[in-house]
Every structure is written in C-alpha cells, then in structure tokens.
Amino acid sequence: MDPSRAFVTNVKRLIVKVGTAVVTRGDGRLAVGRLGALCEQLKELNSQGYEIVLVTSGAVGIGLQRLRYRKLVNSSLAELQNAQFELDGKACAAVGQSSLMALYDTLFSQLDVTSSQYLVTDTEFRDTSFRKQLSETVKSLLSLKVIPIFNENDAVSTRRAPYEDSSGIYWDNDSLAGLLAMELKADLLVMLSDVEGLYSGPPSDPNSKLIHTYIKEKHQCEITFGDKSRLGRGGMTAKVNAAVCAAYAGIPSVITSGYATDSIIKVLQGKCVGTLFHRDAHLWTLVKELGVREMAVTARKCSRQLQAMNSEDRRKILLDIADALEANESLIKIENEADVTAAQNDGYEKSLISRLSLKPGKISSLAKSIRVLADMEDPIAQVLKRTELADGLILEKTSSPLGVLLVIFESRPDALVQIASLAIRSGNGLLLKGGKEAKRSNAILHKVITSAIPENIGEKLIGLVTSREDIPDLLKLDDVIDLVIPRGSNKLITQIKNSTKIPVLGHADGICHVYVDKSAKVDMAKQIVRDAKIDYPAACNAMETLLLHKDLSSNGLLNELVSDLQHEGVTVYGGPRASSLLNIPETHSFHHEYSSMACTIEIVDDVQAAINHIHQHGSSHTDCIITENHEVAETFLHGVDSAAVFHNASTRFCDGARFGLGAEVGISTSRIHARGPVGVEGLLTNRWILRGSGQVVNGDKGVIYTQKDLPLQTPL
C-alpha cells in the first residue's frame with residue numbers, strides 16, 4: 001500500500017461521481033459496458049460493507065442523442081436539407097433522466113442490489129430542513145444497503161450560466177458530489193473521468209505528466225487544463241475544484257479513470273492510481289517528491305568526492321566492504337532466511353525463491369569477488385589515447401564515471417553487493433531498488449556496505465529506495481540519473497524501457513541455446529548440456545533450448561541426452577520435429593524462458609539451421625555449439641549474433657566474475673555502449689582533456705595541425 005493512501009483503511013462511506021464521458025460513448029449513446037462494470041464494482045463494495053452514494057452525470061447527453069433522433073424522424077424533407085437542430089438542454093435532461101435511471105435500476109437489479117433516485121436542484125439546498133431530511137433519508141437507505149443515486153435536476157433548474165453565477169450552493173454534478181461528501185460526512189470522494197487523473201497539461205500533450213498527489217500551493221498555477229468533456233458541463237476544472245473543496249474539508253478525494261473496470265477497488269486497496277487530493281498533502285508529498293531527487297543529487301555529490309580520492313583509498317573502501325560482509329555473515333543470514341520463509345509462505349515460485357536465497361558460501365564468494373575487483377587496475381581517469389593536435393596542444397581521451405546509476409532488481413540480494421562494489425570501483429553514485437520479497441536482506445546488506453564508506457565520502461553515495469511507488473518519480477529524473485539498469489523479469493525490463501527517457505541497459509530475456517553438432521563428443525556433450533541446464537536453472541545464462549543435429553538420432557546420442565535430462569528431473573518439451581520423434585509434449589513457443597528445471601528440444605538439419613533458429617527465437621544473450629569440427633565451430637561463432645557465443649563450453653560461463661570482471665551489474669543484449677556481462681568498463685564513459693599554451697583558433701589561420709598519436713602516459 002502506498003503510504004500516502006493509508007487513509008483508505010478507515011473508509012466506510014464513500015461518494016462516487018461518474019462523469020458524462022464515462023456514462024456515454026462518443027456517439028452519445030449509453031456506454032452500457034462501462035456502466036455494467038461500474039455497477040459490478042459497487043455491488044462488490046456494497047457486499048463488503050461499504051456505504052456507497054452514487055452521483056451520476058449523463059442525462060443531458062443521453063437526452064440530446066434521443067431528441068436528435070426524434071427530431072430527424074419528425075422533420076420534413078425541406079427541414080432535413082437544412083438540418084441545424086437547436087435542442088433545449090432542459091428538454092434533453094428530462095428525456096435523458098428517465099433513460100439513465102432505468103438503466104441503473106436494471107443493472108443493479110441483475111446484481112441483486114437496490115438503488116434509489118434523487119433529483120435535486122441548487123435552491124433546495126438552501127433549505128436547512130431539506131438538508132436535514134436528506135441526510136436522515138440517505139442514512140436510513142445506507143443502513144439497508146441501498147445505493148442512493150443523485151443527479152442534478154437540470155430539467156427544472158433555474159440557472160443558465162452555472163460558472164457565471166457565484167451565488168449558488170453548487171454548479172454541476174461535480175460540485176454536487178463535493179457538497180454531498182461534506183453534507184453526508186463521507187470518508188472518501190472518488191470522481192471517475194475519461195482520463196487516468198489530473199495531468200500537468202492536456203492529456204493529449206505527450207509532455208503532460210500524471211500528477212499522483214495534488215498540492216494546491218504547487219499545482220494551482222502550474223496546470224494547463226484542456227477542453228472540458230464533450231457533453232458534460234464540468235470537465236476537469238470542475239472536478240479539481242470539487243475535489244479541493246472536499247479535501248480541505250477533511251474528506252480525501254481521488255480523480256481516476258472510469259474506463260478501468262476496477263479503479264474504485266484499487267483506490268480502496270491503497271494503490272497509487274489517479275490523483276489524490278488530501279488536506280495534508282503539502283506536508284508529506286513535497287518531502288517525498290524532493291526525497292528521490294535529493295537522493296540522486298546527493299549520490300552525485302558523494303561520487304565526486306569518491307573520484308577525488310586517490311586510487312589506494314578507493315581500493316581500501318572495497319576491501320573494508322569485503323571484510324564487513326564476512327564479519328556480519330550471521331546477521332545477513334538471519335535476515336535472508338526471514339525473507340525466504342516469507343516468500344515460501346506467500347507462495348512465490350521456486351525459481352524466485354532460489355534467486356532470493358543466499359546459499360552457504362555465497363557471502364564468502366561475494367567478498368572474494370570484491371577483493372578481486374579491488375586488486376584490478378584503477379579504471380578512473382585512465383588515459384586511453386593521446387594526440388598532438390598541434391605544436392604544444394595535447395589532447396587526451398580519458399575514462400570517466402557515468403555519474404549516477406539507478407539499478408532496479410528483483411529477488412537476488414547478492415546483486416546488491418555486486419552492483420554496489422562496481423559502482424564504487426567505477427566512481428559512480430548509486431540508487432538501488434530491490435524487490436519487496438528481499439527487503440530485509442537488502443536492508444541489512446545496504447547497512448553493512450554503507451557503514452564501510454568513509455565519512456568524507458558519505459554513506460549516501462549508495463541510496464536504497466524502499467517504496468515501489470517511488471519508481472515512477474525516479475524514472476522521470478533524466479537530469480540527475482545517467483543510466484538505468486533493470487535486473488529481473490522480461491515484464492519489469494520492458495516496463496522500465498517504456499517509462500523513462502533515461503538510457504536503459506539490460507536484457508529482456510535469457511533464452512540461451514546449446515547446439516549439439518553431429519561431430520560432438522558424447523561425454524562432452526552430456527557434461528555441457530547437463531551443466532548448462534541444471535547448475536543454476538533460474539539464472540539468465542542457463543540453457544532454455546537444446547538444438548540437436550538430425551544425424552544424432554542414428555547414433556543414439558539424441559536419446560541419451562534427453563534421457564539424461566529427464567533423469568536429472570528436467571521436464572522436456574519438443575518442437576514439432578522433436579516432439580514427434582521423441583514422443584514428448586510440444587512446446588507452446590520457442591521464445592520462452594523457463595528459469596526452472598525445464599527446457600525445449602528441437603532437431604535441426606545442420607549448423608546453418610541452428611543459427612537461423614537462434615536468430616528467429618533467441619534473445620541475443622548466450623549461445624553455445626558443441627562440435628569437434630573446426631570449420632563448423634567457426635561458422636557458428638561468427639554467424640550467431642549474440643552477446644556471448646561459446647564453443648565447447650557451458651553457457652553458465654557467461655558471468656562477470658567468471659570473465660574476470662570482478663563482478664557484474666548485469667548482462668546486456670544491447671548493441672550500444674556495453675554488451676554481454678557488464679563490469680567496471682560498462683559503467684564508464686569518456687572525457688576529453690586538452691592541454692595547451694595559449695593557442696586560439698582564429699579561423700584556423702595560425703594553427704598548423706599535426707594530429708599525430710603520442711605514447712600513453714600516467715595522468716597528471
């Protein structure tokens with residue numbers, strides 16, 4: 001639950017306002033499907049004990065559509081040729097009200113819910129006795145689980161210009177909903193619109209952003225409203241005014257989409273949907289919005305302090321972190337076991353629990369990899385190239401940290417350690433957001449690591465983001481975050497790529513192939529296939545598809561490989577050829593990452609067919625060939641366009657630590673910046689340093705360019 005939505009736990013009575021654009025379709029007809037979904041939501045909430053009052057618009061729009069039709073039917077040919085109909089809005093309201101209420105009555109009756117109708121006008125609310133009687137009647141109906149439905153009686157209203165008459169009690173159904181929320185002492189006001197909530201500008205503008213929490217002091221002068229609804233009188237301006245009035249009267253209000261089938265339920269579950277209006281928002285939302293930005297800005301400041309240190313001092317930080325991890329291993333183990341137990345109780349998949357668990361020896365292994373990283377050559381400010389541009393004018397291309405990294409990862413707490421150590425070695429600031437299933441493990445690891453960072457650098461060099469609701473705000477910080485690295489499911493990575501302007505480094509799938517050629521050695525093939533699949537099935541570099549040369553069926557190796565996998569407990573699925581030959585279930589898709597003890601098997605004609613299969617169904621991660629034929633091996637190695645391509649070696653070798661990188665932040669299948677296991681080098685960029693002695697361009701008149709390469713030397 002979003003902390004800002006914690007108030008929903010105390011909601012008993014709510015007002016739901018549904019706008020004209022939700023009630024009707026684009027052609028003015030009733031949107032029966034949307035209204036049906038709305039009534040089903042209200043039925044569910046009613047059965048859960050919530051007291052619900054519905055305020056509905058749409059009568060004028062429905063009446064307008066019906067009277068247009070009636071006008072056409074009753075018009076002469078001459079009138080039709082000059083068809084410009086002016087229809088009285090009050091007549092439209094009178095016709096539409098009966099149709100609208102008849103539909104609500106029918107829908108609720110089908111759901112075994114009783115509803116009642118209130119048609120009210122502005123002047124009635126001036127009568128104190130009317131308001132008292134209204135409250136008593138509604139209270140009585142709610143106690144019987146009846147849903148009262150309110151609508152402004154536009155058919156007899158005496159006001160013609162609702163926004164020009166400031167003397168009214170209310171001006172439209174939006175302000176009526178706000179008034180009823182206060183009059184009936186509601187706990188929540190939900191206003192359903194045709195957009196997801198309040199945007200910073202017209203929703204059609206691609207630069208407009210959804211405002212999750214409205215702060216009057218901040219947003220009142222910043223927001224640009226678009227056009228009002230096509231038929232209703234209010235539009236977003238009226239909804240915001242009503243929501244603000246209710247919120248400042250102590251009734252939280254949410255504007256959200258009426259097109260979603262579960263938006264009200266999500267609001268009551270405390271999920272961050274729509275735009276929240278709350279009288280205390282200025283106290284806690286500003287802190288939150290500044291919080292994630294401040295984390296990123298502070299991480300950058302700390303990283304600059306880190307870069308200013310000498311190489312040996314940076315190395316010592318890593319060694320101290322390795323020591324601290326080993327010294328706190330028992331405490332880390334306790335927190336990790338608590339996470340694993342909670343995940344098991346919550347019914348998480350075995351593959352996720354496997355990634356979550358810090359198995360025996362893991363902390364020692366992590367500490368060892370950090371020490372390896374510390375002993376590597378310092379990557380910061382390395383001179384990569386020196387060029388004499390002209391006499392006395394020397395240009396240097398040097399390595400430089402990217403700045404601030406945002407790493408979002410699921411399940412694996414060991415990833416936090418690897419990423420943090422790489423960030424420190426490369427001189428980058430870091431923000432980490434782990435999965436909720438590993439929150440205790442991540443918290444203790446973050447505490448242990450940051451406690452080893454010297455005070456002159458600051459523990460805020462590495463920030464731990466704990467709320468999932470902060471992610472959208474973080475992904476907007478393209479001015480202070482330089483690279484996003486998602487590690488997790490295909491869904492997570494795809495969502496992040498679609499949600500930010502910040503460059504994203506990572507891979508969406510780990511569909512790794514092993515191709516066994518006809519010349520493969522039997523024992524070698526068995527050993528590699530077995531390791532690639534069962535050494536760590538949840539890893540992204542585990543084999544997911546086994547491709548077998550067609551001739552292997554004649555020498556028995558095909559059946560032996562399949563039998564060995566099944567003996568180890570691997571569930572095998574086949575492509576069209578393999579399933580028929582081996583009598584195994586056919587896979588639903590070749591492009592599938594099992595991340596478990598399962599794999600797909602298919603038979604191919606030759607190495608070129610294997611390459612074509614990998615290009616069509618693979619994910620450009622890691623692919624392997626097992627063969628004794630050198631020419632075939634070279635064809636595969638140069639023909640497969642993946643980040644890592646192996647010959648006679650398990651796909652499990654595709655790992656930063658095993659590649660000698662010390663650690664990795666992830667494996668990238670991108671073709672820009674970094675590809676394959678991403679270690680320190682993948683977290684660096686370049687800077688150009690020019691050393692001169694007073695030279696000026698002056699139209700290149702007095703400059704004689706030599707532009708010759710110079711030997712590299714240690715930076716000053």
# chains A, B, ... in the order shown; residues from 1 in each chain; ligands from 1
$ closest_atom_pairs --of "range 456-543 of chain A" --to "range 1-22 of chain A" --cutoff "12 Å" --atoms "only C-alpha atoms" --output "tab-separated table"
residue	atom	partner	partner_atom	distance
A:Thr466	CA	A:Asp2	CA	11.3
A:Ser467	CA	A:Asp2	CA	7.9
A:Arg468	CA	A:Asp2	CA	8.3
A:Glu469	CA	A:Asp2	CA	6.6
A:Asp470	CA	A:Asp2	CA	9.6
$ write_last_selection --atoms "N, CA and C atoms" --output "CSV table (one decimal), in the first residue's frame"
chain,number,residue,atom,x,y,z
A,466,THR,N,13.1,2.3,-0.9
A,466,THR,CA,12.3,1.2,-0.3
A,466,THR,C,10.9,1.1,-0.8
A,467,SER,N,10.4,2.2,-1.4
A,467,SER,CA,9.0,2.2,-1.9
A,467,SER,C,8.9,2.0,-3.4
A,468,ARG,N,8.0,1.1,-3.8
A,468,ARG,CA,7.8,0.8,-5.2
A,468,ARG,C,7.2,2.0,-5.9
A,469,GLU,N,6.4,2.8,-5.1
A,469,GLU,CA,5.7,4.0,-5.7
A,469,GLU,C,6.7,5.1,-6.0
A,470,ASP,N,8.0,5.0,-5.5
A,470,ASP,CA,9.0,6.0,-5.9
A,470,ASP,C,9.6,5.8,-7.3
$ residues_around --residues "range 484-494 of chain A" --least-positions-apart "3" --cutoff "7 Å" --atoms "only C-alpha atoms" --output "list of chain:residue names"
A:Leu405, A:Leu406, A:Val407, A:Ile408, A:Phe409, A:Glu410, A:Lys497, A:Asn498, A:Ile502, A:Pro503, A:Val504, A:Leu505, A:Gly506, A:Ala508, A:Asp509, A:Gly666
$ write_last_selection --atoms "N, CA and C atoms" --output "compact mmCIF listing (two decimals), in the first residue's frame"
# COMPACT_ATOMS: atom_id res chain seq x y z
N LEU A 405 23.87 5.98 -11.16
CA LEU A 405 23.20 4.80 -11.69
C LEU A 405 21.95 4.51 -10.87
N LEU A 406 20.90 4.10 -11.56
CA LEU A 406 19.70 3.59 -10.89
C LEU A 406 19.55 2.13 -11.29
N VAL A 407 19.65 1.23 -10.31
CA VAL A 407 19.55 -0.19 -10.58
C VAL A 407 18.29 -0.73 -9.90
N ILE A 408 17.40 -1.28 -10.69
CA ILE A 408 16.15 -1.86 -10.19
C ILE A 408 16.23 -3.36 -10.42
N PHE A 409 16.14 -4.12 -9.34
CA PHE A 409 16.34 -5.56 -9.47
C PHE A 409 15.32 -6.31 -8.65
N GLU A 410 15.09 -7.57 -9.03
CA GLU A 410 14.13 -8.43 -8.34
C GLU A 410 14.87 -9.59 -7.69
N LYS A 497 11.80 0.27 -19.72
CA LYS A 497 12.21 0.85 -21.01
C LYS A 497 11.13 1.76 -21.58
N ASN A 498 9.88 1.42 -21.32
CA ASN A 498 8.76 2.20 -21.86
C ASN A 498 8.38 3.38 -20.98
N ILE A 502 15.63 8.12 -19.62
CA ILE A 502 17.00 7.80 -19.22
C ILE A 502 17.45 6.56 -20.00
N PRO A 503 18.69 6.52 -20.48
CA PRO A 503 19.18 5.30 -21.15
C PRO A 503 19.05 4.08 -20.25
N VAL A 504 18.62 2.96 -20.85
CA VAL A 504 18.41 1.72 -20.10
C VAL A 504 19.37 0.65 -20.63
N LEU A 505 20.07 -0.02 -19.73
CA LEU A 505 21.00 -1.08 -20.10
C LEU A 505 20.50 -2.39 -19.50
N GLY A 506 20.36 -3.40 -20.33
CA GLY A 506 19.90 -4.68 -19.80
C GLY A 506 19.42 -5.61 -20.88
N ALA A 508 16.02 -8.27 -21.90
CA ALA A 508 14.64 -8.60 -21.55
C ALA A 508 14.43 -10.09 -21.34
N ASP A 509 15.20 -10.94 -22.05
CA ASP A 509 15.05 -12.39 -21.92
C ASP A 509 16.42 -13.04 -21.89
N GLY A 666 25.00 -6.68 -14.56
CA GLY A 666 24.00 -7.39 -15.34
C GLY A 666 24.61 -7.80 -16.66
$ residues_around --residues "range 420-427 of chain A" --least-positions-apart "4" --cutoff "7 Å" --atoms "only C-alpha atoms" --output "list in words"
Ser303, Leu306, Gln307, Leu318, Ile370, Pro379, Ile380, Pro401, Leu416, Ala663, Gly679, Val680, Leu683 and Leu684 of chain A
$ closest_residue --among "A:Asp479, A:Ile614, A:Val372, A:Val607" --to "Phe659 in chain A" --atoms "only C-alpha atoms"
A:Val372
$ atom_distance --atom1 "CA of Lys218 in chain A" --atom2 "CA of Asp280 in chain A"
13.3 Å
$ residues_around --residues "Ile462 in chain A" --least-positions-apart "4" --cutoff "8 Å" --atoms "only C-alpha atoms" --output "PyMOL selection string"
chain A and resi 299+420+429-432+450
$ select_by_dssp --residues "range 209-425 of chain A" --states "strand (DSSP E or B)" --output "PyMOL selection string"
chain A and resi 210+213-214+253-257+275-277+383-390+393-401+404-409
